[in-house]
$ cat coords15.txt   # compact mmCIF, C-alpha atoms
# COMPACT_ATOMS: atom_id res chain seq x y z
CA MET G 1 18.00 -11.47 -19.40
CA SER G 2 16.15 -8.36 -20.53
CA PHE G 3 12.51 -7.61 -19.85
CA ALA G 4 9.85 -6.02 -22.02
CA VAL G 5 9.59 -3.28 -19.38
CA PRO G 6 12.85 -2.46 -17.56
CA THR G 7 12.78 -2.69 -13.77
CA GLU G 8 13.74 0.99 -13.47
CA HIS G 9 10.30 1.99 -14.79
CA TYR G 10 8.61 0.01 -12.04
CA LEU G 11 10.86 1.56 -9.39
CA LEU G 12 10.16 5.06 -10.72
CA LEU G 13 6.41 4.40 -10.57
CA SER G 14 6.78 2.96 -7.07
CA GLY G 15 8.65 6.06 -5.90
CA LEU G 16 6.03 8.39 -7.39
CA LEU G 17 3.17 6.52 -5.70
CA PHE G 18 5.06 6.57 -2.40
CA CYS G 19 5.41 10.36 -2.64
CA VAL G 20 1.69 10.75 -3.36
CA GLY G 21 1.06 8.75 -0.17
CA VAL G 22 3.47 10.96 1.79
CA ALA G 23 1.65 14.07 0.54
CA GLY G 24 -1.66 12.63 1.72
CA VAL G 25 -0.36 11.68 5.17
CA ALA G 26 1.17 15.13 5.61
CA THR G 27 -1.84 17.15 4.44
CA LYS G 28 -5.05 15.32 5.39
CA ARG G 29 -6.61 15.59 8.83
CA ASN G 30 -9.22 12.87 8.55
CA PRO G 31 -7.47 9.82 10.05
CA ILE G 32 -9.41 7.44 7.81
CA VAL G 33 -8.00 9.13 4.71
CA VAL G 34 -4.57 9.19 6.34
CA PHE G 35 -4.88 5.42 6.68
CA MET G 36 -5.77 5.14 3.01
CA CYS G 37 -2.64 7.10 2.14
CA ILE G 38 -0.57 4.74 4.28
CA GLU G 39 -2.09 1.89 2.25
CA ILE G 40 -0.96 3.65 -0.94
CA MET G 41 2.57 3.86 0.46
CA LEU G 42 2.55 0.17 1.43
CA ASN G 43 1.32 -0.74 -2.05
CA ALA G 44 4.08 1.32 -3.63
CA ALA G 45 6.65 -0.55 -1.54
CA ASN G 46 5.05 -3.87 -2.55
CA LEU G 47 5.36 -2.94 -6.21
CA GLY G 48 9.05 -2.20 -5.69
CA PHE G 49 9.60 -5.52 -3.90
CA VAL G 50 7.91 -7.57 -6.63
CA ALA G 51 9.75 -5.71 -9.41
CA LEU G 52 13.14 -6.23 -7.75
CA GLY G 53 12.29 -9.86 -7.02
CA ARG G 54 11.72 -10.37 -10.73
CA HIS G 55 14.90 -8.45 -11.55
CA TYR G 56 17.12 -10.62 -9.36
CA GLY G 57 15.26 -13.87 -10.00
CA GLU G 58 14.31 -14.27 -6.32
CA ALA G 59 10.93 -15.49 -5.09
CA GLY G 60 11.59 -13.66 -1.81
CA GLY G 61 10.24 -10.39 -3.24
CA GLN G 62 6.79 -11.87 -3.67
CA ILE G 63 6.84 -13.61 -0.30
CA ILE G 64 7.77 -10.46 1.56
CA THR G 65 4.95 -8.71 -0.31
CA MET G 66 2.48 -11.21 1.07
CA LEU G 67 3.85 -10.71 4.58
CA ILE G 68 3.40 -6.95 4.12
CA ILE G 69 -0.21 -7.52 3.03
CA ALA G 70 -0.83 -9.54 6.22
CA VAL G 71 0.72 -6.79 8.35
CA ALA G 72 -1.37 -4.17 6.53
CA ALA G 73 -4.55 -6.11 7.24
CA GLY G 74 -3.73 -6.24 10.95
CA GLU G 75 -2.74 -2.57 10.96
CA VAL G 76 -6.03 -1.49 9.37
CA ALA G 77 -8.08 -3.57 11.83
CA ILE G 78 -6.30 -2.04 14.84
CA GLY G 79 -6.20 1.49 13.40
CA LEU G 80 -9.89 1.61 12.56
CA ALA G 81 -10.73 0.22 16.01
CA ILE G 82 -8.69 3.05 17.53
CA ILE G 83 -10.54 5.59 15.35
CA VAL G 84 -13.93 4.21 16.43
CA SER G 85 -13.04 4.34 20.12
CA LEU G 86 -11.54 7.82 19.66
CA PHE G 87 -14.77 9.02 18.07
CA ARG G 88 -16.72 7.53 20.95
CA THR G 89 -14.74 9.32 23.67
CA ARG G 90 -13.90 12.64 21.99
CA GLU G 91 -16.82 13.11 19.56
CA THR G 92 -14.27 14.22 16.94
CA ILE G 93 -11.53 12.54 14.97
CA ASN G 94 -10.02 15.68 13.47
CA LEU G 95 -6.28 15.09 13.73
CA ASP G 96 -5.64 18.75 14.55
CA GLU G 97 -7.88 18.48 17.63
CA VAL G 98 -6.71 15.09 18.88
CA ASN G 99 -3.73 16.19 20.96
CA LEU G 100 -4.00 14.27 24.22
CA LEU G 101 -0.40 13.07 23.92
CA LYS G 102 0.98 16.56 23.37
CA LEU G 103 2.95 18.17 26.18
CA MET W 1 9.55 3.50 -27.46
CA ARG W 2 8.83 -0.20 -27.25
CA PRO W 3 5.15 -1.28 -27.14
CA GLY W 4 5.64 -3.01 -23.78
CA VAL W 5 6.84 0.22 -22.20
CA LEU W 6 3.92 2.11 -23.75
CA MET W 7 1.50 -0.45 -22.30
CA PHE W 8 3.20 -0.09 -18.93
CA TRP W 9 2.75 3.68 -18.80
CA ALA W 10 -0.80 3.40 -20.13
CA LEU W 11 -1.46 1.32 -17.02
CA ALA W 12 0.72 3.49 -14.75
CA LEU W 13 -1.04 6.76 -15.61
CA PRO W 14 -4.48 5.77 -14.18
CA LEU W 15 -2.59 4.25 -11.24
CA VAL W 16 -0.98 7.59 -10.37
CA VAL W 17 -4.19 9.52 -11.12
CA SER W 18 -6.25 7.30 -8.80
CA ALA W 19 -3.66 7.76 -6.03
CA VAL W 20 -3.74 11.53 -6.50
CA MET W 21 -7.55 11.49 -6.42
CA VAL W 22 -7.49 9.60 -3.10
CA VAL W 23 -5.50 12.51 -1.68
CA ALA W 24 -7.38 15.28 -3.52
CA SER W 25 -10.97 14.19 -2.80
CA ARG W 26 -12.75 16.10 -0.06
CA ASN W 27 -15.24 13.31 0.59
CA PRO W 28 -13.73 10.23 2.32
CA MET W 29 -16.24 8.05 0.51
CA ARG W 30 -14.83 9.15 -2.85
CA SER W 31 -11.30 8.59 -1.55
CA ALA W 32 -12.28 5.04 -0.66
CA LEU W 33 -13.74 4.36 -4.10
CA TYR W 34 -10.62 5.72 -5.82
CA LEU W 35 -8.56 3.55 -3.50
CA VAL W 36 -10.45 0.46 -4.74
CA ALA W 37 -9.51 1.39 -8.31
CA HIS W 38 -5.93 1.91 -7.15
CA MET W 39 -5.76 -1.54 -5.53
CA LEU W 40 -7.14 -3.25 -8.63
CA LEU W 41 -4.63 -1.44 -10.87
CA ILE W 42 -1.80 -2.47 -8.54
CA ALA W 43 -3.00 -6.06 -8.93
CA ALA W 44 -2.80 -5.60 -12.71
CA MET W 45 0.77 -4.37 -12.24
CA PHE W 46 1.58 -7.53 -10.29
CA LEU W 47 0.16 -9.57 -13.17
CA SER W 48 2.43 -7.71 -15.58
CA LEU W 49 5.35 -8.75 -13.34
CA SER W 50 4.12 -12.38 -13.65
CA ALA W 51 3.23 -12.53 -9.94
CA GLN W 52 -0.18 -14.15 -10.36
CA TYR W 53 -0.61 -15.39 -6.81
CA VAL W 54 0.27 -12.04 -5.24
CA ALA W 55 -2.16 -10.34 -7.64
CA ALA W 56 -4.97 -12.65 -6.52
CA VAL W 57 -4.12 -12.05 -2.84
CA GLN W 58 -4.07 -8.31 -3.51
CA VAL W 59 -7.59 -8.38 -4.98
CA ILE W 60 -9.00 -10.61 -2.22
CA VAL W 61 -7.35 -9.02 0.81
CA TYR W 62 -6.96 -5.36 -0.20
CA ALA W 63 -9.78 -4.69 -2.64
CA GLY W 64 -12.05 -7.09 -0.76
CA ALA W 65 -11.47 -7.27 2.98
CA ILE W 66 -9.59 -4.06 3.80
CA MET W 67 -11.80 -1.81 1.65
CA VAL W 68 -14.96 -3.26 3.23
CA LEU W 69 -13.51 -2.32 6.62
CA PHE W 70 -12.79 1.22 5.42
CA LEU W 71 -16.26 1.74 3.95
CA PHE W 72 -17.85 0.29 7.07
CA VAL W 73 -16.07 2.73 9.38
CA ILE W 74 -16.73 5.73 7.08
CA MET W 75 -20.45 4.98 7.07
CA LEU W 76 -20.50 4.18 10.79
CA LEU W 77 -18.96 7.49 11.85
CA ASN W 78 -20.84 9.76 9.40
CA LEU W 79 -18.33 12.60 9.47
CA SER W 80 -19.88 15.17 7.17
CA GLY W 81 -19.75 18.70 8.58
CA LYS W 82 -17.44 17.84 11.47
CA GLY W 83 -14.54 19.98 10.29
CA VAL W 84 -12.49 17.15 8.87
CA LEU W 85 -13.31 17.99 5.27
CA GLU W 86 -11.19 21.15 5.09
CA ARG W 87 -7.48 21.23 4.55
CA GLY W 88 -5.31 20.43 7.54
CA ALA W 89 -2.83 22.87 9.01
CA GLY W 90 0.49 23.05 7.21
CA TRP W 91 -0.72 21.40 4.01
CA LEU W 92 1.66 23.54 1.94
CA PHE W 93 4.63 22.23 3.92
CA GLY W 94 3.44 18.67 3.41
CA MET W 95 3.08 19.14 -0.33
CA ALA W 96 6.54 20.73 -0.58
CA MET W 97 8.04 17.88 1.45
CA SER W 98 6.59 15.15 -0.75
CA ALA W 99 7.50 17.01 -3.96
CA GLY W 100 11.07 17.29 -2.70
CA LEU W 101 11.08 13.58 -1.90
CA ALA W 102 9.82 12.78 -5.40
CA ALA W 103 12.49 14.97 -7.00
CA LEU W 104 15.15 13.27 -4.87
CA MET W 105 13.99 9.80 -5.90
CA VAL W 106 13.76 10.63 -9.59
CA GLY W 107 16.91 12.73 -9.76
CA ALA W 108 19.45 11.01 -7.55
CA GLY W 109 18.01 7.53 -7.25
CA VAL W 110 17.77 4.55 -9.51
CA TRP W 111 16.80 6.53 -12.59
CA ARG W 112 20.19 8.21 -12.75
CA HIS W 113 22.49 5.35 -11.83
CA GLY W 114 20.58 2.30 -13.02
CA LEU W 115 20.54 -1.16 -11.49
CA HIS W 116 23.29 -3.67 -11.98
CA ALA W 117 22.33 -6.61 -14.14
CA GLY W 118 19.91 -8.97 -12.50
CA LYS W 119 20.27 -12.69 -12.14
CA ALA W 120 16.84 -13.49 -13.56
CA THR W 121 16.87 -16.51 -15.83
CA ALA W 122 14.29 -17.90 -18.22
CA LYS W 123 13.69 -20.63 -15.62
CA SER W 124 13.04 -18.26 -12.73
CA LEU W 125 10.72 -16.21 -14.95
CA SER W 126 8.68 -19.14 -16.19
CA ALA W 127 8.30 -20.39 -12.59
CA GLY W 128 6.93 -16.88 -11.96
CA GLY W 129 4.55 -16.36 -9.11
CA THR W 130 2.23 -19.34 -9.26
CA ALA W 131 0.81 -20.63 -5.99
CA GLN W 132 2.98 -23.72 -6.39
CA SER W 133 6.31 -21.91 -6.70
CA ILE W 134 5.38 -19.47 -3.91
CA GLY W 135 4.43 -22.37 -1.64
CA PHE W 136 7.65 -24.27 -2.33
CA THR W 137 9.71 -21.19 -1.51
CA LEU W 138 7.65 -20.29 1.55
CA PHE W 139 7.89 -23.71 3.21
CA ASP W 140 11.42 -24.59 2.10
CA PRO W 141 13.39 -25.31 5.33
CA GLU W 142 16.58 -24.12 3.59
CA LEU W 143 15.14 -20.63 3.13
CA PRO W 144 14.38 -18.09 5.89
CA TRP W 145 10.66 -17.57 5.13
CA LEU W 146 9.04 -20.17 7.37
CA PHE W 147 9.59 -18.25 10.62
CA PRO W 148 8.23 -14.89 9.34
CA PHE W 149 5.20 -16.75 8.04
CA GLU W 150 4.45 -18.18 11.50
CA VAL W 151 5.08 -14.78 13.12
CA ALA W 152 2.58 -13.24 10.67
CA SER W 153 -0.10 -15.67 11.79
CA VAL W 154 0.51 -14.77 15.45
CA LEU W 155 0.41 -11.08 14.49
CA LEU W 156 -2.98 -11.51 12.83
CA LEU W 157 -4.33 -13.29 15.92
CA THR W 158 -3.07 -10.43 18.11
CA ALA W 159 -4.70 -7.89 15.77
CA VAL W 160 -8.05 -9.69 15.99
CA VAL W 161 -7.98 -9.73 19.80
CA GLY W 162 -6.73 -6.14 19.96
CA ALA W 163 -9.42 -4.82 17.61
CA VAL W 164 -12.15 -6.44 19.70
CA VAL W 165 -10.70 -5.09 22.97
CA LEU W 166 -10.33 -1.57 21.55
CA ALA W 167 -13.68 -1.24 19.84
CA LYS W 168 -15.95 -2.96 22.32
CA ARG W 169 -17.74 -0.68 24.75
CA LYS W 170 -17.78 -3.08 27.69
CA LEU W 171 -16.06 -6.43 27.90
$ encode --input "coords15.txt" --output "structure tokens"
Amino acid sequence: MSFAVPTEHYLLLSGLLFCVGVAGVATKRNPIVVFMCIEIMLNAANLGFVALGRHYGEAGGQIITMLIIAVAAGEVAIGLAIIVSLFRTRETINLDEVNLLKL
Amino acid sequence: MRPGVLMFWALALPLVVSAVMVVASRNPMRSALYLVAHMLLIAAMFLSLSAQYVAAVQVIVYAGAIMVLFLFVIMLLNLSGKGVLERGAGWLFGMAMSAGLAALMVGAGVWRHGLHAGKATAKSLSAGGTAQSIGFTLFDPELPWLFPFEVASVLLLTAVVGAVVLAKRKL
């Protein structure tokens, strides 16, 4: 069974998007934007899962994508709550200045 | 090049550009708006993989619910002029790291070796990703997806309680 667009193209795109997300997480110091970059990475992984699910004729790829979306929703809710409470106690959310856990 | 592949890259180019703009924008508000475009384009990609239900969930949950949460927090905190708009320390190292990762994926990964032939059939493709076929797979007792589904619901409940506990001033 051959597709109009080979699965390798989707995986290449997924890898590129993942790397863009990694660049954002490594370079930004606004935690909200860092969260957005994590979302980009999760989306890239989802794209890979769905593409491989189509490639192997398995519905599991799409189901695991939906589970990832649920986990991402929970992660964003918790993460943004942490950012709000951090802003309330420290008056800053600059990631270079938030170093309470550093030795 | 086949027209399908051309169509794919015509869709993939704005996808990559919107992701890059999320990272490159100085203003978090702009990042958020580019992220909305990114989510919608990802949903279009899911449609091109004949995963209709996942595409709909992507639009509703990501482009709807999660982005509203992002915009809400950005506006609530009002961060302009608080030193978070400049580049972080070590941004060059981060860029180099991700470029190296990209080169590794493109050079040594799937692109070079290719995948072995899939087991997709005309039947599995025409079933595609409709809500019906997803539901039958999700709740099939023969398949392992029922337990993760229940765990996901407990996880969401925990997240709701945790977000309230974290963000509330006094309980």
$ residues_around --input "coords15.txt" --residues "Leu6 (chain W)" --least-positions-apart "4" --cutoff "12 Å" --atoms "all atoms listed in the file" --output "list in words"
Ala4, Val5, Pro6 and His9 of chain G; Met1, Arg2, Ala10, Leu11, Ala12 and Leu13 of chain W
$ residues_around --input "coords15.txt" --residues "Tyr62 (chain W)" --least-positions-apart "6" --cutoff "8 Å" --atoms "only C-alpha atoms" --output "ChimeraX atom specification"
/G:69,73 /W:39
$ atom_distance --input "coords15.txt" --atom1 "CA of Tyr53 (chain W)" --atom2 "CA of Thr130 (chain W)"
5.4 Å
$ residues_around --input "coords15.txt" --residues "Ala45 (chain G)" --least-positions-apart "3" --cutoff "9 Å" --atoms "only C-alpha atoms" --output "list of chain:residue names"
G:Ser14, G:Gly15, G:Leu17, G:Phe18, G:Ile40, G:Met41, G:Leu42, G:Gly48, G:Phe49, G:Val50, G:Thr65
$ interface_residues --input "coords15.txt" --of "chain G" --to "chain W" --cutoff "6 Å" --atoms "all atoms listed in the file" --output "VMD selection string"
chain G and resid 4 to 5 19 22 to 24 26 to 30 55 to 57 74 78 81 85 94
$ atom_distance --input "coords15.txt" --atom1 "CA of Pro141 (chain W)" --atom2 "CA of Met66 (chain G)"
18.3 Å
$ atom_distance --input "coords15.txt" --atom1 "CA of Thr89 (chain G)" --atom2 "CA of Ile32 (chain G)"
16.8 Å
